[in-house]
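Asker: This is the content of structure.cif (mmCIF, C-alpha atoms):
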data_final
#
loop_
_atom_site.group_PDB
_atom_site.id
_atom_site.type_symbol
_atom_site.label_atom_id
_atom_site.label_comp_id
_atom_site.auth_asym_id
_atom_site.auth_seq_id
_atom_site.Cartn_x
_atom_site.Cartn_y
_atom_site.Cartn_z
ATOM 1 C CA MET A 483 0.000 0.000 0.000
ATOM 2 C CA ASP A 484 1.272 3.480 -0.819
ATOM 3 C CA THR A 485 1.669 6.099 1.887
ATOM 4 C CA MET A 486 -0.436 9.231 2.161
ATOM 5 C CA ARG A 487 2.409 11.331 0.842
ATOM 6 C CA GLU A 488 3.023 8.956 -2.081
ATOM 7 C CA ARG A 489 -0.645 9.408 -2.950
ATOM 8 C CA PHE A 490 -0.415 13.193 -2.608
ATOM 9 C CA GLY A 491 1.822 13.861 -5.646
ATOM 10 C CA PRO A 492 -0.242 11.979 -8.257
ATOM 11 C CA VAL A 493 -3.557 13.286 -6.907
ATOM 12 C CA VAL A 494 -2.505 16.942 -6.957
ATOM 13 C CA SER A 495 -0.799 16.475 -10.345
ATOM 14 C CA ARG A 496 -4.150 15.324 -11.738
ATOM 15 C CA LEU A 497 -5.836 18.308 -10.128
ATOM 16 C CA LEU A 498 -3.345 20.584 -11.890
ATOM 17 C CA ASP A 499 -4.451 19.029 -15.194
ATOM 18 C CA GLU A 500 -8.151 19.279 -14.338
ATOM 19 C CA ASP A 501 -8.383 22.738 -12.788
ATOM 20 C CA PRO A 502 -6.539 25.788 -14.163
ATOM 21 C CA ARG A 503 -6.911 27.527 -10.761
ATOM 22 C CA VAL A 504 -4.717 24.978 -8.965
ATOM 23 C CA ALA A 505 -1.073 25.833 -8.271
ATOM 24 C CA VAL A 506 1.563 24.017 -6.216
ATOM 25 C CA VAL A 507 4.207 25.724 -4.097
ATOM 26 C CA LEU A 508 7.156 23.688 -2.769
ATOM 27 C CA ALA A 509 10.318 24.383 -0.789
ATOM 28 C CA GLU A 510 12.684 21.726 -2.237
ATOM 29 C CA ILE A 511 10.991 18.967 -0.247
ATOM 30 C CA GLY A 512 8.681 16.895 -2.442
ATOM 31 C CA THR A 513 9.837 18.312 -5.775
ATOM 32 C CA ASP A 514 10.555 14.856 -7.240
ATOM 33 C CA GLY A 515 6.859 14.019 -7.129
ATOM 34 C CA PHE A 516 6.008 16.993 -9.351
ATOM 35 C CA GLU A 517 8.681 16.828 -12.069
ATOM 36 C CA GLU A 518 6.253 15.705 -14.773
ATOM 37 C CA ALA A 519 3.577 18.137 -13.616
ATOM 38 C CA ARG A 520 6.114 20.958 -13.705
ATOM 39 C CA ARG A 521 6.913 20.182 -17.338
ATOM 40 C CA ARG A 522 3.209 20.359 -18.189
ATOM 41 C CA HIS A 523 2.444 23.401 -16.027
ATOM 42 C CA PRO A 524 5.690 25.378 -15.500
ATOM 43 C CA ASP A 525 3.773 28.492 -14.451
ATOM 44 C CA ARG A 526 1.767 26.672 -11.743
ATOM 45 C CA VAL A 527 4.409 24.495 -10.054
ATOM 46 C CA VAL A 528 6.736 26.755 -8.064
ATOM 47 C CA ASN A 529 9.784 25.756 -6.003
ATOM 48 C CA VAL A 530 11.009 28.552 -3.752
ATOM 49 C CA GLY A 531 14.026 26.637 -2.423
ATOM 50 C CA ILE A 532 14.762 26.311 1.287
ATOM 51 C CA ARG A 533 12.827 29.450 2.236
ATOM 52 C CA GLU A 534 9.780 28.427 4.226
ATOM 53 C CA GLN A 535 8.600 31.984 4.984
ATOM 54 C CA LEU A 536 8.627 32.661 1.240
ATOM 55 C CA LEU A 537 6.743 29.389 0.703
ATOM 56 C CA ILE A 538 3.690 30.782 2.508
ATOM 57 C CA GLY A 539 4.103 34.284 1.105
ATOM 58 C CA ALA A 540 4.281 32.973 -2.468
ATOM 59 C CA GLY A 541 1.204 30.848 -1.871
ATOM 60 C CA ALA A 542 -0.688 33.859 -0.538
ATOM 61 C CA GLY A 543 0.397 35.914 -3.532
ATOM 62 C CA LEU A 544 -0.933 33.275 -5.911
ATOM 63 C CA ALA A 545 -4.193 33.227 -3.963
ATOM 64 C CA LEU A 546 -4.497 37.005 -4.369
ATOM 65 C CA THR A 547 -4.415 36.498 -8.160
ATOM 66 C CA GLY A 548 -7.331 34.049 -7.978
ATOM 67 C CA LEU A 549 -5.414 30.767 -7.945
ATOM 68 C CA ARG A 550 -5.929 27.936 -5.457
ATOM 69 C CA PRO A 551 -2.443 27.230 -4.049
ATOM 70 C CA VAL A 552 -1.493 23.844 -2.589
ATOM 71 C CA VAL A 553 1.526 24.447 -0.352
ATOM 72 C CA HIS A 554 3.616 21.481 0.770
ATOM 73 C CA THR A 555 6.563 20.645 3.024
ATOM 74 C CA PHE A 556 7.245 19.031 6.410
ATOM 75 C CA ALA A 557 4.826 20.113 9.143
ATOM 76 C CA SER A 558 7.495 21.882 11.183
ATOM 77 C CA PHE A 559 8.500 23.946 8.130
ATOM 78 C CA LEU A 560 4.916 24.559 6.995
ATOM 79 C CA VAL A 561 3.191 25.662 10.200
ATOM 80 C CA GLU A 562 5.765 26.378 12.903
ATOM 81 C CA ARG A 563 8.657 28.085 11.118
ATOM 82 C CA PRO A 564 6.576 30.460 8.916
ATOM 83 C CA PHE A 565 3.747 30.921 11.412
ATOM 84 C CA GLU A 566 3.769 34.715 11.151
ATOM 85 C CA GLN A 567 3.277 34.436 7.391
ATOM 86 C CA VAL A 568 0.418 31.957 7.929
ATOM 87 C CA LYS A 569 -1.170 34.468 10.309
ATOM 88 C CA LEU A 570 -0.618 37.581 8.184
ATOM 89 C CA ASP A 571 -0.158 36.625 4.536
ATOM 90 C CA LEU A 572 -3.145 34.273 4.556
ATOM 91 C CA GLY A 573 -5.320 35.195 7.542
ATOM 92 C CA HIS A 574 -4.880 38.966 7.669
ATOM 93 C CA GLN A 575 -5.150 39.332 3.887
ATOM 94 C CA GLY A 576 -8.273 37.169 3.846
ATOM 95 C CA VAL A 577 -7.080 34.632 1.288
ATOM 96 C CA GLY A 578 -7.068 30.859 1.408
ATOM 97 C CA ALA A 579 -4.688 28.028 0.606
ATOM 98 C CA VAL A 580 -4.363 24.299 1.131
ATOM 99 C CA LEU A 581 -1.396 23.563 3.400
ATOM 100 C CA VAL A 582 -0.390 19.895 3.086
ATOM 101 C CA SER A 583 2.201 18.644 5.563
ATOM 102 C CA ALA A 584 4.379 15.575 5.863
ATOM 103 C CA ALA A 585 6.340 14.028 8.765
ATOM 104 C CA ALA A 586 3.500 14.602 11.273
ATOM 105 C CA SER A 587 4.533 14.445 14.951
ATOM 106 C CA PHE A 588 7.523 12.110 14.655
ATOM 107 C CA ASP A 589 7.366 10.280 11.314
ATOM 108 C CA TRP A 590 11.094 10.743 10.695
ATOM 109 C CA PRO A 591 12.784 10.331 14.083
ATOM 110 C CA ALA A 592 16.261 10.352 12.523
ATOM 111 C CA GLY A 593 15.626 13.938 11.431
ATOM 112 C CA GLY A 594 15.526 15.040 15.063
ATOM 113 C CA TYR A 595 13.216 17.520 16.762
ATOM 114 C CA THR A 596 13.531 20.072 13.942
ATOM 115 C CA HIS A 597 11.509 17.670 11.779
ATOM 116 C CA MET A 598 8.809 16.947 14.355
ATOM 117 C CA ALA A 599 5.659 19.003 14.850
ATOM 118 C CA PRO A 600 3.339 17.612 17.539
ATOM 119 C CA GLY A 601 2.088 21.149 18.224
ATOM 120 C CA ASP A 602 0.984 22.048 14.685
ATOM 121 C CA VAL A 603 -2.780 21.644 15.127
ATOM 122 C CA ALA A 604 -2.700 23.390 18.504
ATOM 123 C CA LEU A 605 -0.819 26.289 16.914
ATOM 124 C CA LEU A 606 -3.371 26.654 14.124
ATOM 125 C CA ASP A 607 -6.053 26.699 16.822
ATOM 126 C CA THR A 608 -4.812 30.184 17.757
ATOM 127 C CA LEU A 609 -6.005 31.433 14.344
ATOM 128 C CA ASP A 610 -9.526 31.867 13.040
ATOM 129 C CA GLY A 611 -11.256 30.017 10.250
ATOM 130 C CA TRP A 612 -9.022 27.024 9.571
ATOM 131 C CA THR A 613 -10.334 23.634 8.492
ATOM 132 C CA VAL A 614 -8.059 20.813 9.656
ATOM 133 C CA HIS A 615 -8.125 17.327 8.115
ATOM 134 C CA VAL A 616 -6.197 14.418 9.677
ATOM 135 C CA PRO A 617 -6.646 11.372 7.424
ATOM 136 C CA GLY A 618 -5.844 7.918 8.716
ATOM 137 C CA HIS A 619 -5.389 6.119 5.386
ATOM 138 C CA PRO A 620 -4.174 7.076 1.870
ATOM 139 C CA ASP A 621 -7.700 6.673 0.426
ATOM 140 C CA GLU A 622 -9.019 9.092 3.041
ATOM 141 C CA ALA A 623 -6.152 11.464 2.281
ATOM 142 C CA GLU A 624 -7.122 11.521 -1.402
ATOM 143 C CA THR A 625 -10.766 12.243 -0.587
ATOM 144 C CA LEU A 626 -9.876 15.026 1.838
ATOM 145 C CA LEU A 627 -7.268 16.539 -0.484
ATOM 146 C CA ARG A 628 -9.816 16.782 -3.272
ATOM 147 C CA ARG A 629 -12.341 18.345 -0.901
ATOM 148 C CA ALA A 630 -9.735 20.815 0.339
ATOM 149 C CA VAL A 631 -8.743 21.987 -3.133
ATOM 150 C CA ALA A 632 -12.395 22.335 -4.134
ATOM 151 C CA ALA A 633 -13.249 24.331 -0.976
ATOM 152 C CA GLY A 634 -13.443 27.738 -2.641
ATOM 153 C CA ASP A 635 -11.000 30.090 -0.952
ATOM 154 C CA ASP A 636 -11.007 28.406 2.459
ATOM 155 C CA LYS A 637 -7.909 28.008 4.602
ATOM 156 C CA VAL A 638 -7.335 24.247 4.936
ATOM 157 C CA TYR A 639 -4.617 22.196 6.609
ATOM 158 C CA VAL A 640 -4.219 18.543 5.568
ATOM 159 C CA ARG A 641 -1.936 16.599 7.916
ATOM 160 C CA LEU A 642 -0.359 13.575 6.205
ATOM 161 C CA SER A 643 1.484 10.810 8.045
ATOM 162 C CA VAL A 644 3.377 7.608 7.288
ATOM 163 C CA GLN A 645 1.321 6.033 10.069
ATOM 164 C CA SER A 646 -1.845 4.536 8.662
ATOM 165 C CA ASN A 647 -4.798 2.386 9.612
ATOM 166 C CA THR A 648 -5.226 -0.940 7.834
ATOM 167 C CA THR A 649 -8.557 -0.079 6.233
ATOM 168 C CA ALA A 650 -9.991 3.189 4.955
ATOM 169 C CA VAL A 651 -13.243 4.551 6.345
ATOM 170 C CA PRO A 652 -15.663 6.527 4.140
ATOM 171 C CA VAL A 653 -15.171 10.176 5.144
ATOM 172 C CA ASP A 654 -17.031 13.330 4.156
ATOM 173 C CA GLY A 655 -14.785 16.029 5.624
ATOM 174 C CA LYS A 656 -17.421 17.032 8.162
ATOM 175 C CA ARG A 657 -18.789 14.451 10.563
ATOM 176 C CA LEU A 658 -17.547 12.035 13.178
ATOM 177 C CA ARG A 659 -18.233 8.444 12.183
ATOM 178 C CA THR A 660 -19.444 5.863 14.691
ATOM 179 C CA VAL A 661 -17.228 2.781 14.438
ATOM 180 C CA ARG A 662 -18.361 0.959 17.582
ATOM 181 C CA GLU A 663 -21.208 1.529 20.042
ATOM 182 C CA GLY A 664 -21.203 1.175 23.832
ATOM 183 C CA ARG A 665 -22.636 2.814 26.952
ATOM 184 C CA SER A 666 -19.729 3.301 29.374
ATOM 185 C CA GLY A 667 -18.061 6.200 27.610
ATOM 186 C CA VAL A 668 -17.078 7.707 24.262
ATOM 187 C CA VAL A 669 -13.615 7.445 22.709
ATOM 188 C CA VAL A 670 -12.748 9.786 19.829
ATOM 189 C CA ALA A 671 -9.936 8.403 17.680
ATOM 190 C CA VAL A 672 -8.298 10.889 15.310
ATOM 191 C CA GLY A 673 -6.818 9.773 12.012
ATOM 192 C CA PRO A 674 -4.058 7.136 12.108
ATOM 193 C CA VAL A 675 -4.627 6.120 15.753
ATOM 194 C CA LEU A 676 -7.924 4.353 14.959
ATOM 195 C CA ASP A 677 -6.459 0.846 14.664
ATOM 196 C CA ALA A 678 -4.700 1.164 18.026
ATOM 197 C CA VAL A 679 -7.870 2.527 19.659
ATOM 198 C CA LEU A 680 -10.004 -0.309 18.292
ATOM 199 C CA ALA A 681 -7.499 -2.862 19.585
ATOM 200 C CA ALA A 682 -7.318 -1.063 22.940
ATOM 201 C CA THR A 683 -11.093 -0.960 23.402
ATOM 202 C CA GLU A 684 -11.849 -4.512 22.268
ATOM 203 C CA GLY A 685 -14.351 -5.932 24.755
ATOM 204 C CA LEU A 686 -14.915 -2.573 26.496
ATOM 205 C CA ASP A 687 -18.452 -1.177 26.551
ATOM 206 C CA VAL A 688 -17.556 2.128 24.879
ATOM 207 C CA THR A 689 -18.550 4.007 21.761
ATOM 208 C CA VAL A 690 -15.668 4.686 19.356
ATOM 209 C CA LEU A 691 -16.009 7.715 17.101
ATOM 210 C CA TYR A 692 -13.606 8.299 14.222
ATOM 211 C CA ALA A 693 -12.494 11.835 13.338
ATOM 212 C CA THR A 694 -10.600 12.820 10.199
ATOM 213 C CA THR A 695 -11.766 16.431 10.274
ATOM 214 C CA VAL A 696 -11.044 17.989 13.656
ATOM 215 C CA ARG A 697 -11.684 21.642 12.802
ATOM 216 C CA PRO A 698 -14.454 22.530 12.693
ATOM 217 C CA PHE A 699 -15.141 19.954 15.395
ATOM 218 C CA ASP A 700 -18.362 17.945 14.972
ATOM 219 C CA ALA A 701 -20.013 19.050 18.203
ATOM 220 C CA ALA A 702 -23.434 17.719 17.198
ATOM 221 C CA GLY A 703 -22.016 14.256 16.464
ATOM 222 C CA LEU A 704 -20.292 14.119 19.822
ATOM 223 C CA ARG A 705 -23.445 15.238 21.633
ATOM 224 C CA ARG A 706 -25.477 12.489 19.974
ATOM 225 C CA ALA A 707 -22.946 9.884 21.067
ATOM 226 C CA VAL A 708 -22.774 11.203 24.630
ATOM 227 C CA TRP A 709 -26.565 11.168 25.038
ATOM 228 C CA ALA A 710 -26.500 7.431 24.292
ATOM 229 C CA ALA A 711 -23.613 6.706 26.670
ATOM 230 C CA THR A 712 -21.983 7.853 29.887
ATOM 231 C CA PRO A 713 -20.633 11.392 29.314
ATOM 232 C CA ASP A 714 -16.996 10.372 29.806
ATOM 233 C CA VAL A 715 -14.986 11.322 26.709
ATOM 234 C CA VAL A 716 -11.488 10.139 25.820
ATOM 235 C CA LEU A 717 -9.688 11.933 23.004
ATOM 236 C CA VAL A 718 -6.848 10.047 21.308
ATOM 237 C CA GLU A 719 -4.988 12.370 18.956
ATOM 238 C CA PRO A 720 -1.744 11.758 17.015
ATOM 239 C CA TYR A 721 -0.391 15.175 18.021
ATOM 240 C CA LEU A 722 -0.117 17.192 21.237
ATOM 241 C CA ALA A 723 -2.206 15.612 23.998
ATOM 242 C CA GLY A 724 -5.257 17.671 24.893
ATOM 243 C CA THR A 725 -5.365 19.684 21.662
ATOM 244 C CA SER A 726 -9.107 19.134 21.234
ATOM 245 C CA THR A 727 -10.231 19.070 24.859
ATOM 246 C CA ALA A 728 -11.483 22.661 24.589
ATOM 247 C CA ALA A 729 -13.580 21.707 21.552
ATOM 248 C CA VAL A 730 -15.108 18.812 23.512
ATOM 249 C CA ASN A 731 -15.785 21.032 26.525
ATOM 250 C CA ASP A 732 -17.472 23.617 24.300
ATOM 251 C CA ALA A 733 -19.608 20.926 22.655
ATOM 252 C CA LEU A 734 -20.744 19.636 26.061
ATOM 253 C CA ALA A 735 -20.922 22.949 27.914
ATOM 254 C CA ASP A 736 -24.422 22.190 29.240
ATOM 255 C CA VAL A 737 -23.701 18.515 30.008
ATOM 256 C CA PRO A 738 -21.821 17.344 33.132
ATOM 257 C CA HIS A 739 -18.915 15.378 31.686
ATOM 258 C CA ARG A 740 -15.284 14.331 32.075
ATOM 259 C CA VAL A 741 -12.589 14.529 29.389
ATOM 260 C CA LEU A 742 -9.253 12.719 29.100
ATOM 261 C CA GLY A 743 -6.878 13.927 26.385
ATOM 262 C CA LEU A 744 -4.322 11.398 25.166
ATOM 263 C CA GLY A 745 -1.679 12.107 22.556
ATOM 264 C CA VAL A 746 1.927 13.186 22.156
ATOM 265 C CA GLY A 747 3.452 14.439 25.396
ATOM 266 C CA ARG A 748 5.195 17.783 25.810
ATOM 267 C CA ARG A 749 8.474 16.261 26.956
ATOM 268 C CA GLU A 750 11.017 16.098 24.146
ATOM 269 C CA LEU A 751 12.341 12.586 23.481
ATOM 270 C CA ARG A 752 15.989 13.095 22.664
ATOM 271 C CA ARG A 753 16.943 9.718 21.284
ATOM 272 C CA TYR A 754 16.132 9.233 17.622
ATOM 273 C CA GLY A 755 14.617 5.764 18.007
ATOM 274 C CA THR A 756 11.955 4.473 15.628
ATOM 275 C CA VAL A 757 8.372 5.536 14.981
ATOM 276 C CA ALA A 758 7.133 2.518 16.952
ATOM 277 C CA GLU A 759 9.336 3.466 19.910
ATOM 278 C CA HIS A 760 7.989 7.009 19.892
ATOM 279 C CA VAL A 761 4.424 5.684 19.754
ATOM 280 C CA ALA A 762 5.099 3.506 22.805
ATOM 281 C CA ALA A 763 6.967 6.242 24.664
ATOM 282 C CA HIS A 764 3.968 8.552 24.325
ATOM 283 C CA GLY A 765 1.580 5.811 25.414
ATOM 284 C CA LEU A 766 -0.182 5.590 22.064
ATOM 285 C CA ASP A 767 0.279 1.846 21.576
ATOM 286 C CA ALA A 768 -2.755 -0.383 22.089
ATOM 287 C CA GLY A 769 -1.643 -1.742 25.467
ATOM 288 C CA SER A 770 -1.014 1.646 27.009
ATOM 289 C CA LEU A 771 -4.220 3.070 25.563
ATOM 290 C CA ARG A 772 -6.260 0.210 26.997
ATOM 291 C CA GLU A 773 -4.862 0.792 30.464
ATOM 292 C CA ARG A 774 -5.652 4.514 30.387
ATOM 293 C CA ILE A 775 -9.044 4.258 28.673
ATOM 294 C CA ALA A 776 -10.296 1.386 30.848
ATOM 295 C CA GLY A 777 -9.140 3.147 34.004
ATOM 296 C CA PHE A 778 -10.821 6.391 33.013
ATOM 297 C CA VAL A 779 -14.224 5.018 32.052
ATOM 298 C CA SER A 780 -14.267 2.843 35.169
ATOM 299 C CA GLY A 781 -13.281 5.785 37.388
ATOM 300 C CA ARG A 782 -9.954 4.205 38.371
ATOM 301 C CA LEU A 783 -7.636 6.437 36.375
ATOM 302 C CA GLY A 784 -4.220 6.720 37.949
ATOM 303 C CA ALA A 785 -1.149 8.698 37.054
ATOM 304 C CA PRO A 786 0.171 8.135 33.508
ATOM 305 C CA GLN A 787 2.902 5.566 33.238
ATOM 306 C CA VAL A 788 6.410 6.866 32.554
ATOM 307 C CA ARG A 789 7.793 5.086 29.539
ATOM 308 C CA VAL A 790 11.415 4.328 28.788
ATOM 309 C CA GLY A 791 13.046 3.477 25.512
ATOM 310 C CA VAL A 792 12.996 6.748 23.573
ATOM 311 C CA GLN A 793 14.256 9.625 25.714
#
Take the structure from the file and write it as structure tokens.
Answerer:
Amino acid sequence: MDTMRERFGPVVSRLLDEDPRVAVVLAEIGTDGFEEARRRHPDRVVNVGIREQLLIGAGAGLALTGLRPVVHTFASFLVERPFEQVKLDLGHQGVGAVLVSAAASFDWPAGGYTHMAPGDVALLDTLDGWTVHVPGHPDEAETLLRRAVAAGDDKVYVRLSVQSNTTAVPVDGKRLRTVREGRSGVVVAVGPVLDAVLAATEGLDVTVLYATTVRPFDAAGLRRAVWAATPDVVLVEPYLAGTSTAAVNDALADVPHRVLGLGVGRRELRRYGTVAEHVAAHGLDAGSLRERIAGFVSGRLGAPQVRVGVQ
């Protein structure tokens, strides 16, 4: 099976052929996937070199001319490094773009912390009007990419990862999908953590909701699930733990409830390790998730376990 990023190049290349508004802006990273498209559309495939602030500025400039820019590089270079340009060149000027990231929270551990971005979604939460898609499978990534490009002049972030669920789920870019039903609590699994959450909750009497679009957050879908179950909500996100707890609290403002946010911890893990070791160190493997989820919904939640291995 191809990865989300391997799917990204061919899909957007086809969109360049189909839609004369589409343009692609790169910063060296990912240029190999657009060589053929660049020959066909030299005026709409732009490589700005290793200048990430210019990457966003160039995309905003194209948007001001009426084009629909798709801007791509690693998440840390796309959201964190040029954040002021994201805030001003896109937000302040009132233009949209599709930002498509790679490397996620720790997809390339050998690249070190400069190539990790567990705080990207939380950072975008400080800005107004962003749609955020977090696919969990290459098929979902293709669907959400096409929706993002077609979304008028909206500001959209599509977070790609090498981590993937085994099977794609039909997604519409709007609603939470119910994957499993139960009455002792609700677990929201975001993107590529779904397989681990399903394994962790096997045999537990909980509802599992699947989210691939986290902003706007499907408050109505969560409320429906909570009314049919105990209002204990566990969020499992593949980025900074607790990123969406405020969205859950807002959705359930008039409902007594408890929320547990699980995800990537704030402590920097300084050994390179492997992706699997980082997953385990942050407690996102199925065994760790089961311990935390079962303890929370049963009211026996203790302190999080300190993991060793990747430090």
Asker: One decimal, in Å: what's the spacing between atom CA of A:Ala592 and atom CA of A:Thr649?
Answerer: 27.6 Å
Asker: Name the closest residue to A:Ala599 among the candidates A:Glu562, A:Asp484, A:Glu517, A:Asp501; distances are taken between atoms, counting all atoms listed in the file.
Answerer: A:Glu562
Asker: Would you work out the distance separating atom CA of A:Ala519 from atom CA of A:Val504, expressed in Å to one decimal?
Answerer: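 That distance, rounded to one decimal, is 11.7 Å.
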Asker: Can you work out which one of A:Leu722, A:Ala604, A:Leu609, A:Ala630 has the shortest atom-to-atom distance to A:Ser587, counting only C-alpha atoms?
Answerer: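 Closest to A:Ser587, using only C-alpha atoms: A:Leu722.
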Asker: Would you compute, for all listed atoms of stretch 505-512 of chain A, the axis-aligned bounding box grown by 6 Å on each side, and then report its centre and edge lengths in Å rounded to one decimal, as lines of an AutoDock Vina configuration file?
Answerer:
center_x = 5.8
center_y = 21.4
center_z = -4.3
size_x = 25.8
size_y = 20.9
size_z = 20.0
Asker: For the file shown, what are the residues hit by the PyMOL selection byres ((chain A and resi 606) around 12), laid out as an MDAnalysis selection string?
Answerer: chainID A and resid 557 560:562 564:566 568:569 573 581 599:605 607:614 637:641 696:698 725:726
Asker: Write the residues of the selection above to a file with C-alpha atoms, as a short mmCIF file (atom, residue, chain, number, x, y, z; two decimals), keeping the file's coordinate frame.
Answerer:
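Result file follows (out.cif):
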data_model
loop_
_atom_site.label_atom_id
_atom_site.label_comp_id
_atom_site.auth_asym_id
_atom_site.auth_seq_id
_atom_site.Cartn_x
_atom_site.Cartn_y
_atom_site.Cartn_z
CA ALA A 557 4.83 20.11 9.14
CA LEU A 560 4.92 24.56 7.00
CA VAL A 561 3.19 25.66 10.20
CA GLU A 562 5.76 26.38 12.90
CA PRO A 564 6.58 30.46 8.92
CA PHE A 565 3.75 30.92 11.41
CA GLU A 566 3.77 34.72 11.15
CA VAL A 568 0.42 31.96 7.93
CA LYS A 569 -1.17 34.47 10.31
CA GLY A 573 -5.32 35.20 7.54
CA LEU A 581 -1.40 23.56 3.40
CA ALA A 599 5.66 19.00 14.85
CA PRO A 600 3.34 17.61 17.54
CA GLY A 601 2.09 21.15 18.22
CA ASP A 602 0.98 22.05 14.68
CA VAL A 603 -2.78 21.64 15.13
CA ALA A 604 -2.70 23.39 18.50
CA LEU A 605 -0.82 26.29 16.91
CA ASP A 607 -6.05 26.70 16.82
CA THR A 608 -4.81 30.18 17.76
CA LEU A 609 -6.00 31.43 14.34
CA ASP A 610 -9.53 31.87 13.04
CA GLY A 611 -11.26 30.02 10.25
CA TRP A 612 -9.02 27.02 9.57
CA THR A 613 -10.33 23.63 8.49
CA VAL A 614 -8.06 20.81 9.66
CA LYS A 637 -7.91 28.01 4.60
CA VAL A 638 -7.34 24.25 4.94
CA TYR A 639 -4.62 22.20 6.61
CA VAL A 640 -4.22 18.54 5.57
CA ARG A 641 -1.94 16.60 7.92
CA VAL A 696 -11.04 17.99 13.66
CA ARG A 697 -11.68 21.64 12.80
CA PRO A 698 -14.45 22.53 12.69
CA THR A 725 -5.36 19.68 21.66
CA SER A 726 -9.11 19.13 21.23
#
Asker: So that each row is one residue of stretch 624-662 of chain A with an atom at most 12 Å from stretch 699-719 of chain A, can you give its shortest atom pair and the distance in Å to one decimal, using all atoms listed in the file, rows by chain and rising number, as a Markdown table?
Answerer:
| residue | atom | partner | partner_atom | distance |
| --- | --- | --- | --- | --- |
| A:Asp654 | CA | A:Asp700 | CA | 11.8 |
| A:Gly655 | CA | A:Asp700 | CA | 10.2 |
| A:Lys656 | CA | A:Asp700 | CA | 6.9 |
| A:Arg657 | CA | A:Asp700 | CA | 5.6 |
| A:Leu658 | CA | A:Gly703 | CA | 6.0 |
| A:Arg659 | CA | A:Gly703 | CA | 8.1 |
| A:Thr660 | CA | A:Ala707 | CA | 8.3 |
| A:Val661 | CA | A:Ala707 | CA | 11.3 |
| A:Arg662 | CA | A:Ala707 | CA | 10.6 |
Asker: Quick one: everything within 12 Å of A:Val530, counting all atoms listed in the file, minus sequence neighbours fewer than 3 positions away in the same chain. Send it as a list in words.
Answerer: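 Close residues of A:Val530: Val506, Val507, Leu508, Ala509, Glu510, Ile511, Gly512, Thr513, Val527, Arg533, Glu534, Gln535, Leu536, Leu537, Ile538, Gly539, Ala540, Gly541, Val553, His554 and Thr555 of chain A.
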